[in-house]
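Novice: There's a structure below that I have some questions on.
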Amino acid sequence: MIGLLTVAPACTQKSANAQETASASPKVAQSVDRPEDPVRAEIVDGRVRLIAKTDELGWPERTQFVEGLTGRCVGLFVGDIGQDTNPFLCMLMDDGGVELLSYKSLGHEAYGGTLCFTSSGRLPGLKDITRFREGPVMNEYGFADYGTIFAIDREGHEHEIEPCIRPFSALYSYSSGGTGVVLEQQLVIYPDWTFLFTLGFAESELVYTYTGRLRPIKMDYENEVYEYSYTMLTRFDYPPVGDEEAYENARPQPATERGSFRLTYKDGSRSYDLVVLSGPLPFATEKGSPARYSPVRSNDIPAPSLVTD
């Protein structure tokens with residue numbers, strides 16, 4: 001899947017601060033902290049604690065725990081996938097499975113500054129993993145196409161960690177859903193196969209945010225058509241604007257919605273058409289028509305509500 005990324009050989013050179021290189025001995029650790037990364041990660045009683053090294057990430061607290069782990073974590077590895085610095089935290093579980101967290105889900109500008117501390121869940125096909133290494137993927141001509149992370153099982157077989165590489169940013173759509181009131185719909189798909197879907201305007205009044213996980217059904221990079229199945233994990237319903245007590249007490253609730261959708265890239269407009277394939281959520285589609293999602297927010301954002309009670 002990642003082989004379609006074309007990266008000059010020089011781009012695969014890791015910084016001197018990288019935890020691993022292709023020639024280094026593969027391993028896992030109880031904590032990882034590369035100087036170039038904005039986050040330190042460490043294992044605490046089987047959980048993974050994240051510590052922000054800068055206030056620029058916009059976290060509510062400098063310390064957070066990875067959410068949604070499906071087991072006990074026993075080892076960590078951080079490395080880059082693609083070109084330049086693109087950190088992924090690999091979390092080795094006590095049964096040999098692997099879960100993933102992209103640092104781009106922790107407040108990166110390209111993803112709308114959104115925060116998602118949720119793990120990918122178990123990566124398919126990875127069993128009996130004991131360690132990781134970082135290194136280049138070579139093409140047929142003997143040149144490095146891109147850098148990646150390999151999970152190594154107990155028999156020494158290497159398995160490439162495959163992130164979600166489409167789309168590259170937060171996406172926005174605007175529709176009324178038949179109500180006559182146009183609302184913003186924000187779809188944020190992270191490189192670690194987690195995603196957020198938010199209805200409402202951050203500048204005035206939000207309605208809800210879903211947190212979920214994706215799995216690929218079809219990834220056609222040549223024709224820019226991508227199909228995903230989704231499983232929602234939580235839904236957060238926002239209290240009315242001005243009700244500070246309700247907001248303080250509000251908590252995400254478990255969600256069970258499942259379904260699938262297709263994204264088709266429209267090169268002329270740098271946007272995507274979204275078509276719902278199955279499931280209860282419309283994702284801004286109306287009467288079976290595709291919803292247009294753009295990486296650029298509309299300039300016609302309503303003014304913040306002045307209602308305080």
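A note on labels: chains of the structure tokens are A, B, ... as shown, every chain counts residues from 1, and ligands are counted from 1 in their shown order.
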Can you list, as a PyMOL selection string, every residue of region 128-162 of chain A that DSSP puts in strand (DSSP E)?
Specialist: chain A and resi 129-138+144-153+158-160
Novice: How about saving the chosen residues, N, CA and C atoms kept, as an mmCIF file, in the first residue's frame?
Specialist:
data_model
loop_
_atom_site.group_PDB
_atom_site.id
_atom_site.type_symbol
_atom_site.label_atom_id
_atom_site.label_comp_id
_atom_site.auth_asym_id
_atom_site.auth_seq_id
_atom_site.Cartn_x
_atom_site.Cartn_y
_atom_site.Cartn_z
ATOM 1 N N ILE A 129 4.512 -10.930 17.596
ATOM 2 C CA ILE A 129 5.555 -9.920 17.395
ATOM 3 C C ILE A 129 6.384 -9.795 18.673
ATOM 4 N N THR A 130 7.691 -9.652 18.495
ATOM 5 C CA THR A 130 8.581 -9.524 19.650
ATOM 6 C C THR A 130 9.370 -8.219 19.654
ATOM 7 N N ARG A 131 9.517 -7.568 18.485
ATOM 8 C CA ARG A 131 10.342 -6.366 18.419
ATOM 9 C C ARG A 131 10.058 -5.636 17.106
ATOM 10 N N PHE A 132 10.718 -4.481 16.930
ATOM 11 C CA PHE A 132 10.524 -3.648 15.748
ATOM 12 C C PHE A 132 11.876 -3.142 15.259
ATOM 13 N N ARG A 133 11.897 -2.729 14.008
ATOM 14 C CA ARG A 133 13.044 -1.985 13.503
ATOM 15 C C ARG A 133 12.555 -0.967 12.485
ATOM 16 N N GLU A 134 13.344 0.078 12.283
ATOM 17 C CA GLU A 134 13.040 1.123 11.318
ATOM 18 C C GLU A 134 14.047 1.030 10.183
ATOM 19 N N GLY A 135 13.574 1.157 8.940
ATOM 20 C CA GLY A 135 14.487 1.070 7.816
ATOM 21 C C GLY A 135 13.802 1.387 6.508
ATOM 22 N N PRO A 136 14.566 1.437 5.413
ATOM 23 C CA PRO A 136 14.004 1.778 4.105
ATOM 24 C C PRO A 136 13.366 0.573 3.424
ATOM 25 N N VAL A 137 12.417 0.855 2.543
ATOM 26 C CA VAL A 137 11.867 -0.147 1.629
ATOM 27 C C VAL A 137 12.514 0.094 0.273
ATOM 28 N N MET A 138 13.161 -0.930 -0.267
ATOM 29 C CA MET A 138 13.929 -0.785 -1.498
ATOM 30 C C MET A 138 13.069 -1.140 -2.707
ATOM 31 N N ALA A 144 16.045 3.363 -2.220
ATOM 32 C CA ALA A 144 15.043 3.430 -1.157
ATOM 33 C C ALA A 144 13.839 4.236 -1.631
ATOM 34 N N ASP A 145 12.655 3.616 -1.581
ATOM 35 C CA ASP A 145 11.428 4.324 -1.955
ATOM 36 C C ASP A 145 10.918 5.189 -0.805
ATOM 37 N N TYR A 146 10.954 4.652 0.399
ATOM 38 C CA TYR A 146 10.452 5.366 1.570
ATOM 39 C C TYR A 146 10.930 4.638 2.817
ATOM 40 N N GLY A 147 10.820 5.294 3.940
ATOM 41 C CA GLY A 147 11.176 4.676 5.206
ATOM 42 C C GLY A 147 9.944 4.137 5.904
ATOM 43 N N THR A 148 10.124 3.106 6.704
ATOM 44 C CA THR A 148 8.979 2.519 7.388
ATOM 45 C C THR A 148 9.422 1.831 8.668
ATOM 46 N N ILE A 149 8.463 1.234 9.357
ATOM 47 C CA ILE A 149 8.713 0.434 10.556
ATOM 48 C C ILE A 149 8.327 -1.003 10.248
ATOM 49 N N PHE A 150 9.179 -1.927 10.640
ATOM 50 C CA PHE A 150 8.900 -3.347 10.473
ATOM 51 C C PHE A 150 8.662 -3.982 11.843
ATOM 52 N N ALA A 151 7.576 -4.747 11.954
ATOM 53 C CA ALA A 151 7.335 -5.571 13.139
ATOM 54 C C ALA A 151 7.933 -6.945 12.872
ATOM 55 N N ILE A 152 8.683 -7.468 13.827
ATOM 56 C CA ILE A 152 9.399 -8.734 13.645
ATOM 57 C C ILE A 152 8.809 -9.772 14.591
ATOM 58 N N ASP A 153 8.396 -10.912 14.026
ATOM 59 C CA ASP A 153 7.786 -11.941 14.867
ATOM 60 C C ASP A 153 8.857 -12.866 15.448
ATOM 61 N N GLU A 158 9.641 -10.374 9.002
ATOM 62 C CA GLU A 158 9.348 -8.952 9.117
ATOM 63 C C GLU A 158 8.018 -8.617 8.449
ATOM 64 N N HIS A 159 7.250 -7.741 9.104
ATOM 65 C CA HIS A 159 5.944 -7.322 8.608
ATOM 66 C C HIS A 159 5.911 -5.797 8.599
ATOM 67 N N GLU A 160 5.645 -5.214 7.443
ATOM 68 C CA GLU A 160 5.634 -3.759 7.336
ATOM 69 C C GLU A 160 4.401 -3.169 8.013
#
Novice: Which residues are close to Val207 (chain A), i.e. within 10 Å by only C-alpha atoms, leaving aside same-chain residues fewer than 5 positions away? Reply as JSON, numbers by chain.
Specialist: {"A": [183, 198, 199, 200, 201, 202, 236, 237, 238, 239, 240]}
Novice: Restricting it to N, CA and C atoms, dump the selection as an mmCIF file, in the first residue's frame.
Specialist:
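Okay, this is what ended up in part_32.cif:
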data_model
loop_
_atom_site.group_PDB
_atom_site.id
_atom_site.type_symbol
_atom_site.label_atom_id
_atom_site.label_comp_id
_atom_site.auth_asym_id
_atom_site.auth_seq_id
_atom_site.Cartn_x
_atom_site.Cartn_y
_atom_site.Cartn_z
ATOM 1 N N LEU A 183 -25.010 23.121 8.784
ATOM 2 C CA LEU A 183 -24.035 22.835 9.829
ATOM 3 C C LEU A 183 -22.741 22.323 9.207
ATOM 4 N N THR A 198 -17.318 15.215 13.577
ATOM 5 C CA THR A 198 -17.947 16.233 14.417
ATOM 6 C C THR A 198 -18.997 16.993 13.625
ATOM 7 N N LEU A 199 -20.159 17.181 14.245
ATOM 8 C CA LEU A 199 -21.245 17.966 13.665
ATOM 9 C C LEU A 199 -21.390 19.257 14.453
ATOM 10 N N GLY A 200 -21.421 20.389 13.741
ATOM 11 C CA GLY A 200 -21.601 21.678 14.396
ATOM 12 C C GLY A 200 -20.390 22.569 14.234
ATOM 13 N N PHE A 201 -20.552 23.840 14.570
ATOM 14 C CA PHE A 201 -19.491 24.829 14.417
ATOM 15 C C PHE A 201 -18.771 25.051 15.742
ATOM 16 N N ALA A 202 -17.447 24.914 15.713
ATOM 17 C CA ALA A 202 -16.666 25.145 16.931
ATOM 18 C C ALA A 202 -16.793 26.585 17.402
ATOM 19 N N PHE A 236 -19.673 11.960 21.989
ATOM 20 C CA PHE A 236 -19.744 13.033 22.978
ATOM 21 C C PHE A 236 -20.780 14.040 22.513
ATOM 22 N N ASP A 237 -21.861 14.191 23.296
ATOM 23 C CA ASP A 237 -22.902 15.170 23.000
ATOM 24 C C ASP A 237 -22.608 16.453 23.770
ATOM 25 N N TYR A 238 -22.491 17.556 23.037
ATOM 26 C CA TYR A 238 -22.119 18.821 23.655
ATOM 27 C C TYR A 238 -23.325 19.458 24.343
ATOM 28 N N PRO A 239 -23.165 19.904 25.586
ATOM 29 C CA PRO A 239 -24.250 20.611 26.278
ATOM 30 C C PRO A 239 -24.534 21.946 25.600
ATOM 31 N N PRO A 240 -25.666 22.569 25.914
ATOM 32 C CA PRO A 240 -25.983 23.881 25.336
ATOM 33 C C PRO A 240 -24.910 24.913 25.661
#
Novice: Please provide the set of residues having any atom within 9 Å of region 67-77 of chain A, restricted to only C-alpha atoms, with same-chain residues fewer than 4 positions apart removed, written as a PyMOL selection string.
Specialist: chain A and resi 19-20+27-32+41-48+88-95+97-99+116-122+130-133+233
Novice: Give me the residues near region 258-266 of chain A as a VMD selection string, where near means some atom within 9 Å (using only C-alpha atoms) and where sequence neighbours in that chain fewer than 3 positions away do not count.
Specialist: chain A and resid 167 214 217 to 218 223 to 232 269 to 281 283
Novice: Find the residues near Ala110 (chain A): any atom within 6 Å, counting only C-alpha atoms, skip ones fewer than 2 places away on the same chain, and give them as a list in words.
Specialist: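 Everything that qualifies: His108, Gly112 and Ser169 of chain A.
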Novice: The selected residues should be written to file as an mmCIF file, in the first residue's frame (atoms: C-alpha atoms).
Specialist:
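Just written: out_33.cif:
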data_model
loop_
_atom_site.group_PDB
_atom_site.id
_atom_site.type_symbol
_atom_site.label_atom_id
_atom_site.label_comp_id
_atom_site.auth_asym_id
_atom_site.auth_seq_id
_atom_site.Cartn_x
_atom_site.Cartn_y
_atom_site.Cartn_z
ATOM 1 C CA HIS A 108 -1.147 18.497 14.439
ATOM 2 C CA GLY A 112 -7.293 20.822 12.378
ATOM 3 C CA SER A 169 -5.752 16.485 6.371
#
